[in-house]
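Data from structure14.cif: mmCIF, C-alpha atoms
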```
data_entry
loop_
_atom_site.label_atom_id
_atom_site.label_comp_id
_atom_site.auth_asym_id
_atom_site.auth_seq_id
_atom_site.Cartn_x
_atom_site.Cartn_y
_atom_site.Cartn_z
CA MET U 1 0.00 0.00 0.00
CA ILE U 2 1.23 3.42 -0.95
CA PRO U 3 -0.32 6.72 0.13
CA ALA U 4 -2.22 8.85 -2.37
CA PRO U 5 -0.10 11.64 -3.90
CA PHE U 6 0.57 14.76 -1.84
CA ASP U 7 2.85 17.78 -1.91
CA TYR U 8 5.78 17.57 0.44
CA VAL U 9 7.39 20.54 2.15
CA ARG U 10 9.87 20.71 4.97
CA ALA U 11 9.30 23.30 7.67
CA ASP U 12 12.49 24.94 8.92
CA SER U 13 10.90 26.32 12.11
CA VAL U 14 7.67 26.13 14.08
CA ASP U 15 6.63 29.51 12.68
CA ASP U 16 7.30 28.25 9.17
CA ALA U 17 5.13 25.19 9.90
CA ILE U 18 2.32 27.47 11.13
CA ALA U 19 2.57 29.62 7.99
CA ARG U 20 2.40 26.54 5.79
CA LEU U 21 -0.59 25.16 7.70
CA ARG U 22 -2.34 28.46 6.98
CA GLU U 23 -1.47 28.20 3.28
CA ASP U 24 -3.13 24.80 2.91
CA PRO U 25 -6.08 24.02 5.21
CA GLU U 26 -5.94 20.40 3.99
CA GLY U 27 -2.27 20.12 4.96
CA LYS U 28 -1.04 17.95 7.80
CA LEU U 29 2.07 17.96 9.94
CA LEU U 30 4.41 14.98 9.64
CA ALA U 31 6.45 14.18 12.75
CA GLY U 32 7.49 10.51 12.90
CA GLY U 33 4.54 9.57 10.73
CA HIS U 34 3.84 6.31 12.53
CA SER U 35 0.17 7.12 13.05
CA LEU U 36 -0.29 9.29 9.97
CA LEU U 37 1.36 7.16 7.26
CA PRO U 38 -0.63 3.98 8.07
CA ALA U 39 -3.81 6.10 7.97
CA MET U 40 -2.73 7.60 4.63
CA LYS U 41 -2.06 4.16 3.15
CA LEU U 42 -5.63 3.16 4.02
CA ARG U 43 -6.96 6.53 2.65
CA LEU U 44 -8.35 7.24 6.13
CA ALA U 45 -6.31 10.44 5.89
CA ARG U 46 -5.67 12.19 2.61
CA PRO U 47 -3.80 15.43 3.25
CA SER U 48 -2.98 17.52 0.19
CA THR U 49 0.32 18.67 1.70
CA LEU U 50 2.59 17.00 4.22
CA ILE U 51 4.51 19.57 6.21
CA ASP U 52 7.51 17.72 7.59
CA ILE U 53 8.48 19.01 11.03
CA GLY U 54 10.51 15.89 11.82
CA ARG U 55 13.80 17.76 11.52
CA LEU U 56 13.02 20.50 14.03
CA ARG U 57 15.53 19.14 16.52
CA ASP U 58 14.91 22.05 18.92
CA LEU U 59 11.55 20.37 19.70
CA ALA U 60 13.26 17.16 20.85
CA TYR U 61 14.26 17.50 24.50
CA ILE U 62 13.45 16.42 28.03
CA ARG U 63 14.34 18.94 30.71
CA GLU U 64 13.51 20.08 34.22
CA ASP U 65 11.05 22.95 34.41
CA GLY U 66 10.46 23.90 38.06
CA ASP U 67 8.17 21.31 39.63
CA ARG U 68 7.51 19.81 36.20
CA VAL U 69 9.41 18.06 33.44
CA ALA U 70 9.08 19.55 29.97
CA ILE U 71 9.10 17.15 27.02
CA GLY U 72 9.53 18.56 23.52
CA ALA U 73 6.76 17.40 21.20
CA LEU U 74 9.23 15.79 18.78
CA THR U 75 10.87 13.63 21.43
CA ARG U 76 10.75 10.03 20.26
CA HIS U 77 9.11 7.31 22.37
CA HIS U 78 12.53 5.64 22.62
CA ASP U 79 14.05 8.76 24.18
CA VAL U 80 11.12 9.20 26.59
CA ALA U 81 11.34 5.52 27.60
CA THR U 82 15.09 5.67 28.27
CA SER U 83 15.26 9.14 29.88
CA GLU U 84 16.95 8.99 33.30
CA LEU U 85 15.25 12.26 34.26
CA LEU U 86 11.77 10.88 33.52
CA ARG U 87 12.52 7.53 35.11
CA GLN U 88 13.23 9.38 38.33
CA ALA U 89 10.85 12.32 38.18
CA CYS U 90 7.81 10.82 36.43
CA PRO U 91 8.41 7.12 35.85
CA ILE U 92 4.91 6.30 34.55
CA VAL U 93 5.59 8.35 31.41
CA ALA U 94 8.86 6.55 30.69
CA HIS U 95 7.18 3.21 31.29
CA ALA U 96 4.16 3.99 29.10
CA ALA U 97 6.47 5.11 26.27
CA SER U 98 8.34 1.78 26.58
CA VAL U 99 5.17 -0.20 25.79
CA VAL U 100 4.17 1.81 22.71
CA GLY U 101 4.36 -0.36 19.57
CA ASP U 102 7.74 -2.04 19.30
CA PRO U 103 11.40 -0.91 19.26
CA GLN U 104 11.28 0.10 15.59
CA VAL U 105 8.16 2.19 16.14
CA ARG U 106 9.67 3.78 19.25
CA HIS U 107 12.78 4.75 17.26
CA VAL U 108 10.63 6.98 15.03
CA GLY U 109 7.27 7.79 16.66
CA THR U 110 7.06 10.91 18.81
CA ILE U 111 5.12 11.80 21.95
CA GLY U 112 3.69 14.92 20.32
CA GLY U 113 2.64 13.12 17.17
CA SER U 114 0.95 10.43 19.19
CA CYS U 115 -1.01 12.99 21.26
CA ALA U 116 -1.92 15.25 18.33
CA HIS U 117 -3.25 12.19 16.49
CA GLY U 118 -5.86 11.88 19.26
CA ASP U 119 -6.29 8.12 19.12
CA PRO U 120 -8.10 6.94 22.30
CA ALA U 121 -6.21 3.63 22.00
CA GLY U 122 -2.82 5.38 22.32
CA ASP U 123 -0.90 4.68 25.52
CA LEU U 124 0.42 8.14 26.35
CA PRO U 125 -2.87 10.09 26.23
CA SER U 126 -4.54 8.32 29.19
CA VAL U 127 -1.32 8.53 31.19
CA LEU U 128 -1.02 12.28 30.50
CA LEU U 129 -4.68 12.72 31.42
CA ALA U 130 -4.19 10.96 34.77
CA LEU U 131 -1.10 13.11 35.40
CA GLU U 132 -3.02 16.32 34.57
CA ALA U 133 -0.24 17.19 32.15
CA GLU U 134 -0.18 20.45 30.19
CA PHE U 135 0.03 20.78 26.42
CA VAL U 136 1.76 23.80 24.92
CA ALA U 137 0.58 24.85 21.46
CA ARG U 138 1.92 27.62 19.24
CA GLY U 139 -0.20 29.34 16.62
CA PRO U 140 -0.19 32.57 14.61
CA SER U 141 -1.08 34.65 17.67
CA GLY U 142 1.42 33.07 20.02
CA GLU U 143 1.58 30.32 22.57
CA ARG U 144 -1.11 28.89 24.84
CA THR U 145 -1.28 26.11 27.41
CA ILE U 146 -4.05 23.54 27.26
CA PRO U 147 -4.80 21.32 30.28
CA ALA U 148 -4.94 17.60 29.51
CA SER U 149 -8.60 17.59 30.56
CA GLY U 150 -9.38 19.88 27.60
CA PHE U 151 -6.94 18.55 25.03
CA PHE U 152 -8.58 15.37 23.76
CA THR U 153 -11.95 16.41 22.37
CA SER U 154 -13.22 13.46 20.28
CA LEU U 155 -12.11 10.52 18.16
CA PHE U 156 -8.89 11.67 16.44
CA GLU U 157 -9.78 15.24 17.46
CA THR U 158 -7.89 17.53 19.80
CA ALA U 159 -8.17 21.13 20.96
CA LEU U 160 -5.38 22.12 18.55
CA ALA U 161 -6.59 24.66 15.98
CA PRO U 162 -5.88 23.83 12.32
CA ASP U 163 -2.98 26.31 12.34
CA GLU U 164 -1.50 25.37 15.71
CA VAL U 165 1.54 23.21 16.38
CA LEU U 166 1.91 21.18 19.57
CA THR U 167 5.37 22.10 20.86
CA GLU U 168 5.71 20.78 24.40
CA ILE U 169 4.12 18.53 27.01
CA ARG U 170 4.70 19.25 30.70
CA VAL U 171 4.28 16.53 33.27
CA PRO U 172 4.38 16.90 37.06
CA ARG U 173 7.04 15.27 39.19
CA THR U 174 5.44 12.35 40.97
CA SER U 175 6.64 10.69 44.14
CA GLY U 176 3.90 8.18 44.95
CA GLY U 177 2.92 4.85 43.46
CA TRP U 178 1.92 4.50 39.83
CA ALA U 179 0.84 1.84 37.36
CA TYR U 180 0.17 1.60 33.66
CA LEU U 181 -1.42 -1.71 32.73
CA LYS U 182 -1.90 -2.44 29.06
CA PHE U 183 -3.85 -5.47 27.92
CA ASN U 184 -3.31 -6.66 24.36
CA ARG U 185 -3.11 -9.93 22.48
CA ARG U 186 0.18 -9.53 20.67
CA ALA U 187 3.08 -7.45 21.94
CA ILE U 188 2.78 -4.95 19.09
CA ASP U 189 -0.96 -4.37 19.29
CA TRP U 190 -2.78 -1.32 20.52
CA ALA U 191 -4.25 -1.68 24.00
CA ILE U 192 -7.59 -3.47 24.05
CA VAL U 193 -7.90 -1.58 27.31
CA GLY U 194 -5.22 0.28 29.25
CA VAL U 195 -5.32 1.74 32.75
CA ALA U 196 -3.09 4.48 34.14
CA ALA U 197 -3.15 5.20 37.88
CA VAL U 198 -1.10 7.70 39.84
CA ARG U 199 -1.16 8.86 43.44
CA ALA U 200 -1.72 12.55 43.84
CA ASN U 201 -2.67 14.80 46.76
CA GLY U 202 -3.57 11.84 48.94
CA GLY U 203 -5.95 10.44 46.31
CA VAL U 204 -5.56 8.45 43.14
CA ARG U 205 -6.13 9.64 39.58
CA VAL U 206 -7.08 7.05 37.00
CA GLY U 207 -6.97 7.32 33.20
CA LEU U 208 -8.51 4.82 30.77
CA THR U 209 -7.17 3.87 27.33
CA ASN U 210 -9.58 2.79 24.59
CA MET U 211 -12.77 3.03 26.65
CA GLY U 212 -14.47 5.76 24.60
CA LEU U 213 -13.97 8.37 21.89
CA THR U 214 -11.17 9.98 23.90
CA PRO U 215 -8.93 8.84 26.73
CA LEU U 216 -11.07 9.13 29.87
CA ARG U 217 -10.70 9.79 33.58
CA ALA U 218 -12.37 7.14 35.74
CA THR U 219 -13.92 9.74 38.03
CA GLY U 220 -16.22 7.23 39.75
CA VAL U 221 -13.20 5.20 40.80
CA GLU U 222 -11.37 8.30 41.99
CA GLU U 223 -14.37 9.40 44.10
CA ALA U 224 -14.74 5.92 45.59
CA ILE U 225 -11.07 5.84 46.64
CA ALA U 226 -11.36 9.37 48.08
CA SER U 227 -14.28 8.26 50.24
CA GLY U 228 -12.41 5.25 51.56
CA ALA U 229 -13.45 2.37 49.29
CA ASP U 230 -11.01 -0.51 48.86
CA PRO U 231 -9.56 -1.23 45.38
CA ALA U 232 -12.10 -3.95 44.54
CA ALA U 233 -15.11 -1.79 45.45
CA ALA U 234 -13.68 1.26 43.71
CA ALA U 235 -12.81 -0.74 40.58
CA ALA U 236 -16.42 -1.84 40.20
CA ARG U 237 -17.11 1.74 39.06
CA ALA U 238 -14.39 1.65 36.35
CA ASP U 239 -16.80 1.69 33.40
CA GLU U 240 -19.02 4.51 34.66
CA GLY U 241 -19.35 7.15 31.98
CA THR U 242 -17.43 5.14 29.39
CA ALA U 243 -18.53 4.15 25.88
CA PRO U 244 -16.08 1.43 24.88
CA PRO U 245 -15.81 0.43 21.22
CA ALA U 246 -16.54 -3.08 19.95
CA ASP U 247 -14.16 -4.50 17.38
CA ALA U 248 -12.53 -7.73 16.23
CA PHE U 249 -10.56 -7.94 19.48
CA ALA U 250 -13.31 -7.42 22.03
CA SER U 251 -16.96 -6.52 22.56
CA ASP U 252 -17.91 -3.48 24.62
CA GLU U 253 -19.06 -5.75 27.48
CA TYR U 254 -15.65 -7.43 27.47
CA ARG U 255 -13.91 -4.06 27.62
CA ARG U 256 -16.08 -2.93 30.56
CA GLU U 257 -15.19 -6.07 32.49
CA LEU U 258 -11.53 -5.79 31.53
CA ALA U 259 -11.43 -2.17 32.69
CA LYS U 260 -12.71 -3.22 36.12
CA VAL U 261 -10.11 -5.97 36.43
CA LEU U 262 -7.23 -3.76 35.30
CA VAL U 263 -8.32 -0.84 37.49
CA ARG U 264 -8.42 -3.13 40.53
CA ARG U 265 -4.93 -4.42 39.76
CA ALA U 266 -3.63 -0.91 39.13
CA LEU U 267 -5.13 0.39 42.39
CA GLU U 268 -3.64 -2.52 44.32
CA GLN U 269 -0.23 -1.63 42.91
CA VAL U 270 -0.57 2.09 43.49
CA LEU U 271 -1.88 1.81 47.04
CA ALA U 272 0.46 -1.00 48.11
CA MET X 1 9.45 14.89 -7.54
CA THR X 2 11.73 15.65 -4.62
CA ARG X 3 15.50 15.40 -4.77
CA ILE X 4 16.99 13.29 -1.98
CA SER X 5 20.55 12.51 -1.11
CA LEU X 6 21.36 9.87 1.45
CA THR X 7 23.96 7.29 2.37
CA VAL X 8 22.93 3.68 1.81
CA ASN X 9 25.32 0.98 3.01
CA GLY X 10 28.16 3.49 3.01
CA GLN X 11 27.51 4.76 -0.51
CA ARG X 12 26.20 8.20 -1.34
CA ARG X 13 22.97 7.96 -3.35
CA GLU X 14 21.01 10.73 -5.01
CA ALA X 15 17.61 10.35 -6.60
CA ASP X 16 14.44 12.16 -7.58
CA VAL X 17 11.51 10.48 -5.85
CA GLU X 18 7.81 11.02 -5.61
CA PRO X 19 7.20 12.20 -2.03
CA ARG X 20 4.87 9.26 -1.39
CA THR X 21 7.62 6.71 -2.16
CA LEU X 22 8.09 4.49 0.87
CA LEU X 23 11.68 3.89 1.92
CA VAL X 24 11.35 0.13 1.39
CA TYR X 25 10.31 0.59 -2.24
CA PHE X 26 13.08 3.13 -2.78
CA LEU X 27 15.58 0.54 -1.54
CA ARG X 28 14.12 -2.36 -3.49
CA GLU X 29 13.02 -0.75 -6.73
CA HIS X 30 15.25 2.29 -7.17
CA LEU X 31 18.43 0.82 -5.74
CA GLY X 32 17.82 -2.89 -6.41
CA LEU X 33 18.51 -3.80 -2.78
CA THR X 34 15.96 -6.60 -2.55
CA GLY X 35 17.33 -8.15 0.65
CA THR X 36 14.83 -6.05 2.61
CA ASN X 37 11.43 -7.72 2.31
CA VAL X 38 7.94 -6.30 2.29
CA GLY X 39 5.73 -8.39 4.53
CA CYS X 40 2.55 -6.97 5.99
CA ASP X 41 3.03 -3.42 4.73
CA THR X 42 1.33 -2.14 7.92
CA SER X 43 4.33 -1.73 10.30
CA THR X 44 3.38 -4.94 12.09
CA CYS X 45 5.64 -7.77 10.90
CA GLY X 46 9.11 -6.21 10.81
CA ALA X 47 10.25 -7.95 7.58
CA CYS X 48 11.20 -4.52 6.21
CA THR X 49 13.43 -3.57 9.16
CA VAL X 50 16.53 -1.54 8.23
CA HIS X 51 18.73 0.82 10.23
CA LEU X 52 18.30 4.58 10.05
CA ASP X 53 21.34 6.28 11.60
CA GLY X 54 22.15 2.97 13.27
CA GLU X 55 18.73 2.25 14.79
CA SER X 56 16.11 -0.26 13.67
CA VAL X 57 13.10 1.19 11.83
CA LYS X 58 10.32 -0.22 9.67
CA SER X 59 11.00 0.97 6.14
CA CYS X 60 7.39 0.36 5.03
CA THR X 61 6.28 3.16 7.35
CA LEU X 62 8.86 5.77 6.41
CA LEU X 63 8.92 7.95 3.35
CA ALA X 64 12.14 7.98 1.38
CA VAL X 65 12.14 11.78 1.82
CA GLN X 66 12.31 11.26 5.60
CA ALA X 67 15.65 9.48 5.09
CA ASP X 68 17.09 12.40 3.09
CA GLY X 69 20.52 13.34 4.44
CA ARG X 70 20.62 10.33 6.73
CA GLU X 71 22.36 6.98 6.81
CA VAL X 72 20.50 3.80 5.90
CA THR X 73 21.92 0.32 6.43
CA THR X 74 20.30 -2.78 4.95
CA ILE X 75 20.97 -6.50 5.34
CA GLU X 76 23.23 -6.38 2.28
CA ALA X 77 25.86 -4.44 4.23
CA LEU X 78 26.24 -6.85 7.15
CA ALA X 79 28.52 -9.50 5.64
CA ARG X 80 32.04 -8.17 5.03
CA ASP X 81 34.69 -9.55 2.70
CA GLY X 82 32.80 -12.80 2.23
CA GLU X 83 32.47 -13.32 5.99
CA LEU X 84 29.00 -13.52 7.49
CA HIS X 85 28.18 -10.98 10.20
CA PRO X 86 28.32 -12.59 13.69
CA LEU X 87 24.52 -12.47 13.89
CA GLN X 88 24.10 -14.08 10.48
CA GLU X 89 26.61 -16.74 11.52
CA ALA X 90 24.70 -17.31 14.77
CA PHE X 91 21.41 -17.62 12.87
CA ARG X 92 23.03 -20.24 10.62
CA ARG X 93 24.61 -22.09 13.54
CA ASN X 94 21.36 -22.22 15.53
CA HIS X 95 19.04 -23.02 12.63
CA ALA X 96 17.16 -19.81 13.35
CA LEU X 97 15.27 -19.76 10.07
CA GLN X 98 13.15 -21.96 7.93
CA CYS X 99 11.59 -20.12 4.99
CA GLY X 100 13.85 -17.13 5.60
CA TYR X 101 11.37 -14.41 4.73
CA CYS X 102 11.50 -12.71 8.13
CA THR X 103 15.24 -13.28 8.51
CA PRO X 104 16.66 -10.01 7.10
CA GLY X 105 14.33 -8.03 9.35
CA MET X 106 15.05 -10.28 12.33
CA VAL X 107 18.81 -9.86 11.89
CA MET X 108 18.56 -6.09 11.51
CA ALA X 109 16.28 -5.80 14.57
CA ALA X 110 18.64 -8.02 16.56
CA ALA X 111 21.68 -5.98 15.51
CA SER X 112 19.99 -2.78 16.71
CA LEU X 113 19.00 -4.51 19.96
CA LEU X 114 22.55 -5.71 20.65
CA ARG X 115 23.91 -2.24 19.97
CA GLU X 116 21.60 -0.84 22.66
CA ARG X 117 21.99 -3.81 24.99
CA PRO X 118 25.15 -5.84 24.30
CA ASN X 119 24.39 -8.52 26.92
CA PRO X 120 20.64 -9.00 26.94
CA THR X 121 18.75 -11.55 29.00
CA GLU X 122 16.49 -13.99 27.18
CA GLU X 123 13.48 -11.89 28.18
CA GLU X 124 15.13 -8.75 26.80
CA VAL X 125 15.79 -10.53 23.49
CA ARG X 126 12.16 -11.62 23.28
CA GLU X 127 10.97 -8.09 24.07
CA GLY X 128 13.54 -6.57 21.74
CA LEU X 129 12.20 -8.67 18.86
CA GLU X 130 8.55 -7.97 19.63
CA GLY X 131 8.25 -6.01 16.40
CA ASN X 132 9.23 -8.94 14.20
CA LEU X 133 7.00 -11.85 13.32
CA CYS X 134 8.18 -15.29 12.20
CA ARG X 135 5.57 -17.77 11.00
CA CYS X 136 7.88 -20.82 10.86
CA THR X 137 10.20 -21.25 13.80
CA GLY X 138 8.28 -20.40 16.94
CA TYR X 139 11.10 -17.97 17.81
CA GLN X 140 12.98 -20.46 20.00
CA ASN X 141 16.03 -20.71 17.77
CA ILE X 142 15.95 -17.05 16.83
CA VAL X 143 16.23 -16.10 20.49
CA LYS X 144 18.97 -18.70 20.92
CA ALA X 145 20.88 -17.27 17.97
CA VAL X 146 20.75 -13.71 19.30
CA LEU X 147 21.92 -14.84 22.74
CA ASP X 148 24.65 -16.88 21.05
CA ALA X 149 25.83 -13.88 19.02
CA ALA X 150 25.86 -11.75 22.18
CA ALA X 151 27.80 -14.38 24.11
CA SER X 152 30.36 -14.75 21.32
CA GLY X 153 31.41 -11.20 22.12
CA ALA X 154 31.80 -10.38 18.44
CA ARG X 155 31.24 -6.76 17.56
CA VAL X 156 27.79 -6.29 16.09
#
```
Output the structure of this file as structure tokens.
Amino acid sequence: MIPAPFDYVRADSVDDAIARLREDPEGKLLAGGHSLLPAMKLRLARPSTLIDIGRLRDLAYIREDGDRVAIGALTRHHDVATSELLRQACPIVAHAASVVGDPQVRHVGTIGGSCAHGDPAGDLPSVLLALEAEFVARGPSGERTIPASGFFTSLFETALAPDEVLTEIRVPRTSGGWAYLKFNRRAIDWAIVGVAAVRANGGVRVGLTNMGLTPLRATGVEEAIASGADPAAAAARADEGTAPPADAFASDEYRRELAKVLVRRALEQVLA
Amino acid sequence: MTRISLTVNGQRREADVEPRTLLVYFLREHLGLTGTNVGCDTSTCGACTVHLDGESVKSCTLLAVQADGREVTTIEALARDGELHPLQEAFRRNHALQCGYCTPGMVMAAASLLRERPNPTEEEVREGLEGNLCRCTGYQNIVKAVLDAAASGARV
């Protein structure tokens, strides 16, 4: 399979990428391309122009930023997974990056590309949601910060405007327990269901992968833990407010049950 | 058409390519390097694995224009002066292939793994090859071969 024809341009800066996005409303940014190119082969995406930002090396970094860690949008999954800073300051992010795809995919795919793609089955989005991460976007009128709770808006949709570029993701330093449990059939598959759990402010925050049109917070579970429920009782509320898809891998009922099991296991790990 | 200039197996190559040309087809059809196979064409099976700047990547999910200015290594460059690469030798010694279709990708993925982790455990080898599918061997001998190559201490 080969993508349909498109024009190819290489952006030499973020501002250049923004200008080119404004020139062609049907244009798309190309980072690692590991979500976009498969979609283009299947004609699920058919951009008229690919604006290659993959060479903007100044967007590939992981650095301390006060009480947070700032991750450049073009940082590859491999570099997130192997970052000493993240392993110490926010280990769930490094771990989640290490279970994305396979080594070859992690050598090319980027954290920003994965988030901007807005796939609810992606591993990083639910983790970033549970962490209450911040997304930094730059557009023609400057920079703005979008909270994770407002970033993922629908299936393959995010809060990014058509002429905005995601430049950075900021995650908090965490010191408590954490877990990211991904259930799939083959090592390389997307999560059938994934569960991210982190301790924060005495409570637990839980994110769900592939349980709806966007990554979701399991607010029922969080409330139950806050009011003293044990992991098993809290996990029984894991599918509240979800709308899991049904596909060749699993029915929606199966996903609801799986979410409860994985949430219980994640809570047991986090609260241990 | 877009002009690209890259290094493939140590040789400088220049070509005009359609932007939608996938790296694997550039290697196979423009350069005649047919050692790299196309398997699933959906970045699942790993048969098309090559190295980009020394790291394993799936060449069916990269555009040739993304490799512009960079260094690509394919299976053809592993044997030197008529001598098999230590990993190829270990695959032969351990009977790590049957039909051989996945083998170029397996060897390239294993070479990248051993560069990152020269002395992997068995579990690390299995995880490191998670992006490569073999439909014949059941992986047992492939894992054995990679561990054997690592233990031989030969430079990969």
- Item | Counting all atoms listed in the file, chain X residues within 7 Å of chain U, as a ChimeraX atom specification | /X:19-20,41-42,55-58,61,128,130-131
Selected residues written out with C-alpha atoms, as a CSV table (one decimal), keeping the file's coordinate frame:
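Output below, filename result34.csv:
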```csv
chain,number,residue,atom,x,y,z
X,19,PRO,CA,7.2,12.2,-2.0
X,20,ARG,CA,4.9,9.3,-1.4
X,41,ASP,CA,3.0,-3.4,4.7
X,42,THR,CA,1.3,-2.1,7.9
X,55,GLU,CA,18.7,2.2,14.8
X,56,SER,CA,16.1,-0.3,13.7
X,57,VAL,CA,13.1,1.2,11.8
X,58,LYS,CA,10.3,-0.2,9.7
X,61,THR,CA,6.3,3.2,7.4
X,128,GLY,CA,13.5,-6.6,21.7
X,130,GLU,CA,8.6,-8.0,19.6
X,131,GLY,CA,8.2,-6.0,16.4
```
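Every protein, DNA or RNA residue with an atom at most 6 Å from Thr73 (chain X), where all atoms listed in the file count and chain neighbours fewer than 6 positions away do not, is listed here: Val8, Asn9, Val50 and His51 of chain X.
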Please write the residues picked by the PyMOL selection byres ((chain U and resi 135-147) around 7) on this file as a PDB file with C-alpha atoms, in the coordinates of the input.
```pdb
ATOM      1  CA  ILE U  18       2.320  27.470  11.130  1.00  0.00           C
ATOM      2  CA  GLU U 132      -3.020  16.320  34.570  1.00  0.00           C
ATOM      3  CA  ALA U 133      -0.240  17.190  32.150  1.00  0.00           C
ATOM      4  CA  GLU U 134      -0.180  20.450  30.190  1.00  0.00           C
ATOM      5  CA  ALA U 148      -4.940  17.600  29.510  1.00  0.00           C
ATOM      6  CA  SER U 149      -8.600  17.590  30.560  1.00  0.00           C
ATOM      7  CA  GLY U 150      -9.380  19.880  27.600  1.00  0.00           C
ATOM      8  CA  PHE U 151      -6.940  18.550  25.030  1.00  0.00           C
ATOM      9  CA  ASP U 163      -2.980  26.310  12.340  1.00  0.00           C
ATOM     10  CA  GLU U 164      -1.500  25.370  15.710  1.00  0.00           C
ATOM     11  CA  VAL U 165       1.540  23.210  16.380  1.00  0.00           C
ATOM     12  CA  LEU U 166       1.910  21.180  19.570  1.00  0.00           C
ATOM     13  CA  THR U 167       5.370  22.100  20.860  1.00  0.00           C
ATOM     14  CA  GLU U 168       5.710  20.780  24.400  1.00  0.00           C
ATOM     15  CA  ILE U 169       4.120  18.530  27.010  1.00  0.00           C
ATOM     16  CA  ARG U 170       4.700  19.250  30.700  1.00  0.00           C
TER      17      ARG U 170
END
```
- Note on the structure: Counting only C-alpha atoms, the residue among U:Asp79, U:Glu257, U:Asp15, U:Glu26 that lies closest to Ala45 (chain U) is U:Glu26
- Query: Could you pull the residues within 12 Å of Thr36 (chain X), counting all atoms listed in the file, minus those fewer than 4 positions along the same chain, as a VMD selection string?
  - Reply: chain X and resid 23 to 29 31 to 32 46 to 51 57 to 60 72 to 77 100 to 108
- Using CA of Asp119 (chain U) and CA of Ala243 (chain U) as the two end points, give the distance in Å to one decimal. 14.5 Å
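Counting from CA of Cys136 (chain X), the distance to CA of Gly39 (chain X) is 14.1 Å.
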- Any chance you could work out the residue set of the PyMOL selection byres ((chain X and resi 139) around 12) here, as a ChimeraX atom specification? /X:91,94-98,102-103,106,122,125-127,129-130,132-138,140-146
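Taking CA of Arg87 (chain U) as the reference point, CA of Asp230 (chain U) is found at 28.4 Å.
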- Query: Got a sec: who's within 12 Å of Val193 (chain U), counting all atoms listed in the file, leaving out chain neighbours fewer than 5 positions off, as an MDAnalysis selection string?
  - Reply: chainID U and resid 120:123 126 180:185 207:212 215:216 238:239 242 244:246 249:263
